[in-house]
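**Q** So here's entry-v1.txt, just compact mmCIF, N, CA and C atoms:
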```
# COMPACT_ATOMS: atom_id res chain seq x y z
N MET A 1292 87.09 52.00 130.14
CA MET A 1292 86.63 52.73 128.99
C MET A 1292 85.84 53.97 129.42
N ASN A 1293 84.98 53.83 130.41
CA ASN A 1293 84.17 54.93 130.88
C ASN A 1293 85.04 55.98 131.60
N ALA A 1294 86.10 55.53 132.27
CA ALA A 1294 87.00 56.45 132.98
C ALA A 1294 87.76 57.31 131.98
N ASP A 1295 88.16 56.73 130.84
CA ASP A 1295 88.87 57.50 129.81
C ASP A 1295 87.97 58.59 129.24
N ARG A 1296 86.71 58.24 129.04
CA ARG A 1296 85.79 59.21 128.46
C ARG A 1296 85.52 60.35 129.44
N SER A 1297 85.34 60.03 130.70
CA SER A 1297 85.08 61.08 131.68
C SER A 1297 86.32 61.95 131.88
N ARG A 1298 87.49 61.37 131.77
CA ARG A 1298 88.72 62.16 131.88
C ARG A 1298 88.85 63.11 130.69
N ARG A 1299 88.52 62.62 129.51
CA ARG A 1299 88.58 63.45 128.31
C ARG A 1299 87.57 64.59 128.38
N VAL A 1300 86.38 64.31 128.88
CA VAL A 1300 85.36 65.35 129.04
C VAL A 1300 85.84 66.40 130.04
N ALA A 1301 86.46 65.94 131.12
CA ALA A 1301 86.97 66.87 132.13
C ALA A 1301 88.08 67.74 131.56
N GLU A 1302 88.97 67.17 130.76
CA GLU A 1302 90.05 67.95 130.14
C GLU A 1302 89.50 68.97 129.16
N CYS A 1303 88.52 68.55 128.37
CA CYS A 1303 87.91 69.49 127.42
C CYS A 1303 87.17 70.60 128.15
N GLY A 1304 86.50 70.26 129.24
CA GLY A 1304 85.81 71.28 130.04
C GLY A 1304 86.78 72.26 130.66
N LEU A 1305 87.92 71.77 131.14
CA LEU A 1305 88.93 72.64 131.71
C LEU A 1305 89.51 73.57 130.65
N ALA A 1306 89.79 73.03 129.46
CA ALA A 1306 90.32 73.85 128.38
C ALA A 1306 89.32 74.92 127.96
N LEU A 1307 88.04 74.56 127.88
CA LEU A 1307 87.00 75.52 127.52
C LEU A 1307 86.86 76.59 128.59
N ALA A 1308 86.93 76.21 129.84
CA ALA A 1308 86.84 77.18 130.93
C ALA A 1308 88.02 78.16 130.89
N LEU A 1309 89.21 77.67 130.62
CA LEU A 1309 90.37 78.55 130.52
C LEU A 1309 90.24 79.53 129.37
N LEU A 1310 89.71 79.06 128.24
CA LEU A 1310 89.52 79.96 127.09
C LEU A 1310 88.48 81.02 127.39
N LEU A 1311 87.42 80.66 128.08
CA LEU A 1311 86.36 81.62 128.37
C LEU A 1311 86.74 82.61 129.46
N LEU A 1312 87.64 82.24 130.35
CA LEU A 1312 88.00 83.10 131.47
C LEU A 1312 89.18 84.02 131.18
N THR A 1313 89.86 83.81 130.07
CA THR A 1313 90.97 84.70 129.73
C THR A 1313 90.43 85.96 129.10
N SER A 1314 91.16 87.05 129.24
CA SER A 1314 90.73 88.30 128.64
C SER A 1314 91.94 89.13 128.28
N CYS A 1315 91.69 90.19 127.56
CA CYS A 1315 92.76 91.10 127.18
C CYS A 1315 93.07 92.00 128.38
N VAL A 1316 94.32 92.34 128.52
CA VAL A 1316 94.70 93.26 129.56
C VAL A 1316 94.20 94.65 129.21
N ARG A 1317 94.39 95.01 127.97
CA ARG A 1317 93.97 96.33 127.50
C ARG A 1317 93.54 96.18 126.05
N ALA A 1318 92.37 96.64 125.74
CA ALA A 1318 91.90 96.59 124.36
C ALA A 1318 92.59 97.70 123.58
N PRO A 1319 93.23 97.35 122.46
CA PRO A 1319 93.92 98.39 121.68
C PRO A 1319 92.91 99.35 121.06
N SER A 1320 93.00 100.61 121.47
CA SER A 1320 92.09 101.61 120.94
C SER A 1320 92.80 102.96 120.91
N PHE A 1321 92.24 103.86 120.12
CA PHE A 1321 92.77 105.21 119.99
C PHE A 1321 91.76 106.20 120.57
N ASP A 1322 92.26 107.20 121.24
CA ASP A 1322 91.41 108.26 121.76
C ASP A 1322 91.41 109.38 120.73
N ILE A 1323 90.27 109.56 120.05
CA ILE A 1323 90.14 110.60 119.03
C ILE A 1323 89.02 111.51 119.47
N VAL A 1324 89.35 112.74 119.82
CA VAL A 1324 88.41 113.77 120.26
C VAL A 1324 87.51 113.24 121.39
N GLY A 1325 88.12 112.56 122.36
CA GLY A 1325 87.40 112.09 123.52
C GLY A 1325 86.60 110.81 123.33
N SER A 1326 86.65 110.23 122.15
CA SER A 1326 85.92 108.99 121.89
C SER A 1326 86.93 107.91 121.52
N PHE A 1327 86.73 106.71 122.05
CA PHE A 1327 87.66 105.63 121.80
C PHE A 1327 87.23 104.82 120.58
N PHE A 1328 88.13 104.66 119.63
CA PHE A 1328 87.89 103.88 118.44
C PHE A 1328 88.79 102.64 118.48
N PRO A 1329 88.28 101.50 118.01
CA PRO A 1329 89.12 100.30 118.00
C PRO A 1329 90.28 100.47 117.02
N ALA A 1330 91.40 99.89 117.38
CA ALA A 1330 92.60 100.03 116.56
C ALA A 1330 92.46 99.37 115.21
N TRP A 1331 91.69 98.28 115.13
CA TRP A 1331 91.54 97.62 113.85
C TRP A 1331 90.81 98.51 112.86
N LEU A 1332 89.93 99.38 113.35
CA LEU A 1332 89.21 100.29 112.47
C LEU A 1332 90.16 101.32 111.87
N ALA A 1333 91.09 101.81 112.67
CA ALA A 1333 92.09 102.75 112.16
C ALA A 1333 93.00 102.06 111.15
N CYS A 1334 93.42 100.82 111.45
CA CYS A 1334 94.27 100.08 110.51
C CYS A 1334 93.52 99.81 109.20
N PHE A 1335 92.24 99.50 109.30
CA PHE A 1335 91.43 99.22 108.11
C PHE A 1335 91.28 100.48 107.25
N THR A 1336 91.07 101.62 107.87
CA THR A 1336 90.94 102.88 107.12
C THR A 1336 92.23 103.24 106.41
N ILE A 1337 93.34 103.10 107.10
CA ILE A 1337 94.64 103.39 106.48
C ILE A 1337 94.92 102.39 105.36
N ALA A 1338 94.51 101.14 105.54
CA ALA A 1338 94.71 100.12 104.51
C ALA A 1338 93.92 100.44 103.25
N ILE A 1339 92.71 100.96 103.41
CA ILE A 1339 91.93 101.35 102.23
C ILE A 1339 92.63 102.47 101.48
N LEU A 1340 93.15 103.44 102.22
CA LEU A 1340 93.89 104.53 101.56
C LEU A 1340 95.15 104.03 100.86
N LEU A 1341 95.85 103.09 101.47
CA LEU A 1341 97.04 102.52 100.83
C LEU A 1341 96.67 101.71 99.58
N THR A 1342 95.53 101.05 99.60
CA THR A 1342 95.08 100.29 98.43
C THR A 1342 94.71 101.23 97.29
N VAL A 1343 94.07 102.35 97.61
CA VAL A 1343 93.76 103.35 96.58
C VAL A 1343 95.05 103.90 95.98
N LEU A 1344 96.02 104.15 96.82
CA LEU A 1344 97.33 104.62 96.35
C LEU A 1344 98.00 103.56 95.48
N SER A 1345 97.90 102.30 95.87
CA SER A 1345 98.48 101.21 95.07
C SER A 1345 97.79 101.09 93.72
N ARG A 1346 96.46 101.24 93.71
CA ARG A 1346 95.73 101.18 92.45
C ARG A 1346 96.15 102.32 91.52
N TRP A 1347 96.31 103.51 92.09
CA TRP A 1347 96.75 104.65 91.29
C TRP A 1347 98.14 104.39 90.72
N LEU A 1348 99.03 103.86 91.55
CA LEU A 1348 100.39 103.58 91.10
C LEU A 1348 100.42 102.51 90.02
N LEU A 1349 99.62 101.46 90.18
CA LEU A 1349 99.57 100.40 89.17
C LEU A 1349 99.00 100.90 87.85
N SER A 1350 97.97 101.75 87.92
CA SER A 1350 97.42 102.29 86.68
C SER A 1350 98.38 103.28 86.04
N ARG A 1351 99.11 104.02 86.85
CA ARG A 1351 100.11 104.97 86.33
C ARG A 1351 101.24 104.24 85.62
N LEU A 1352 101.64 103.09 86.16
CA LEU A 1352 102.70 102.28 85.54
C LEU A 1352 102.16 101.36 84.46
N GLN A 1353 100.85 101.41 84.21
CA GLN A 1353 100.16 100.61 83.19
C GLN A 1353 100.38 99.11 83.39
N ILE A 1354 100.24 98.67 84.64
CA ILE A 1354 100.34 97.26 84.98
C ILE A 1354 98.91 96.73 85.07
N PRO A 1355 98.55 95.78 84.21
CA PRO A 1355 97.17 95.28 84.24
C PRO A 1355 96.95 94.31 85.41
N ILE A 1356 95.76 94.36 85.98
CA ILE A 1356 95.35 93.45 87.05
C ILE A 1356 94.34 92.49 86.45
N ALA A 1357 94.65 91.19 86.46
CA ALA A 1357 93.79 90.20 85.83
C ALA A 1357 92.48 90.01 86.59
N TRP A 1358 92.53 89.92 87.91
CA TRP A 1358 91.35 89.69 88.74
C TRP A 1358 91.24 90.80 89.78
N PRO A 1359 90.76 91.98 89.41
CA PRO A 1359 90.71 93.08 90.39
C PRO A 1359 89.76 92.80 91.54
N ILE A 1360 88.73 91.98 91.31
CA ILE A 1360 87.79 91.67 92.40
C ILE A 1360 88.46 90.84 93.50
N LEU A 1361 89.55 90.18 93.18
CA LEU A 1361 90.33 89.45 94.18
C LEU A 1361 91.55 90.23 94.65
N ALA A 1362 92.13 91.01 93.76
CA ALA A 1362 93.38 91.70 94.07
C ALA A 1362 93.19 92.81 95.10
N TYR A 1363 92.18 93.64 94.92
CA TYR A 1363 92.04 94.79 95.80
C TYR A 1363 91.59 94.42 97.22
N PRO A 1364 90.62 93.52 97.40
CA PRO A 1364 90.34 93.10 98.79
C PRO A 1364 91.53 92.40 99.45
N SER A 1365 92.31 91.68 98.65
CA SER A 1365 93.50 91.04 99.21
C SER A 1365 94.53 92.08 99.63
N LEU A 1366 94.67 93.14 98.85
CA LEU A 1366 95.58 94.21 99.24
C LEU A 1366 95.10 94.90 100.51
N ILE A 1367 93.79 95.11 100.63
CA ILE A 1367 93.26 95.72 101.85
C ILE A 1367 93.56 94.84 103.06
N ALA A 1368 93.34 93.55 102.93
CA ALA A 1368 93.62 92.63 104.03
C ALA A 1368 95.10 92.62 104.36
N PHE A 1369 95.94 92.59 103.34
CA PHE A 1369 97.39 92.58 103.56
C PHE A 1369 97.83 93.83 104.31
N PHE A 1370 97.39 94.99 103.86
CA PHE A 1370 97.79 96.24 104.51
C PHE A 1370 97.23 96.32 105.94
N THR A 1371 95.99 95.86 106.15
CA THR A 1371 95.41 95.89 107.49
C THR A 1371 96.22 95.05 108.47
N PHE A 1372 96.53 93.81 108.07
CA PHE A 1372 97.28 92.93 108.97
C PHE A 1372 98.72 93.41 109.15
N ALA A 1373 99.31 93.96 108.11
CA ALA A 1373 100.67 94.48 108.23
C ALA A 1373 100.72 95.67 109.18
N LEU A 1374 99.75 96.56 109.08
CA LEU A 1374 99.71 97.69 110.00
C LEU A 1374 99.46 97.24 111.43
N TRP A 1375 98.56 96.28 111.59
CA TRP A 1375 98.26 95.76 112.93
C TRP A 1375 99.52 95.17 113.56
N LEU A 1376 100.24 94.37 112.79
CA LEU A 1376 101.46 93.77 113.34
C LEU A 1376 102.54 94.81 113.60
N ALA A 1377 102.61 95.83 112.76
CA ALA A 1377 103.64 96.85 112.93
C ALA A 1377 103.40 97.71 114.17
N PHE A 1378 102.14 98.01 114.47
CA PHE A 1378 101.87 98.93 115.56
C PHE A 1378 101.49 98.27 116.87
N PHE A 1379 100.92 97.06 116.83
CA PHE A 1379 100.38 96.47 118.05
C PHE A 1379 101.01 95.12 118.39
N ARG A 1380 102.18 94.91 117.93
CA ARG A 1380 102.89 93.68 118.25
C ARG A 1380 103.42 93.77 119.68
N SER A 1381 103.17 92.77 120.45
CA SER A 1381 103.60 92.79 121.86
C SER A 1381 104.94 92.14 122.05
```
Spell out the structure here as structure tokens.
**A**
Amino acid sequence: MNADRSRRVAECGLALALLLLTSCVRAPSFDIVGSFFPAWLACFTIAILLTVLSRWLLSRLQIPIAWPILAYPSLIAFFTFALWLAFFRS
């Protein structure tokens, strides 16, 4: 019984060590005027602009949004993740 527990602790320790020792080869970033910005920040900014465009389009087509406090942050998240996958997929 004690051997099983020590083996499990050793396996968990090895898994934790592997997770802590891994790293990214290259952090995705953009060089803008000599300063590096994280790629997620660029995706987030573009997503906000796309959400504003979507809101304008929905209001232009007179489509009512029942829960805008949920719809617009969800659209921002959707556009952010979609842009991230489109541009930084390995």
**Q** Run DSSP on the backbone and grab whatever in chain A lands in alpha helix (DSSP H); send it over as a VMD selection string.
**A** chain A and resid 1293 to 1312 1330 to 1351 1359 to 1379
**Q** Would you please extract all strand (DSSP E) residues from chain A, as assigned by DSSP on the backbone, and give them as a list of chain:residue names?
**A**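 Of chain A, only A:Ser1320, A:Phe1321, A:Asp1322, A:Ile1323, A:Ser1326, A:Phe1327, A:Phe1328, A:Pro1329 fall in strand (DSSP E).
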**Q** Quick one: pull the distance between atom N of A:Leu1366 and atom C of A:Leu1349, Å, one decimal.
**A**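 The value is 14.1 Å.
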**Q** Quote the spacing between atom CA of A:Ala1333 and atom CA of A:Leu1352 in Å to one decimal place.
**A** 28.7 Å
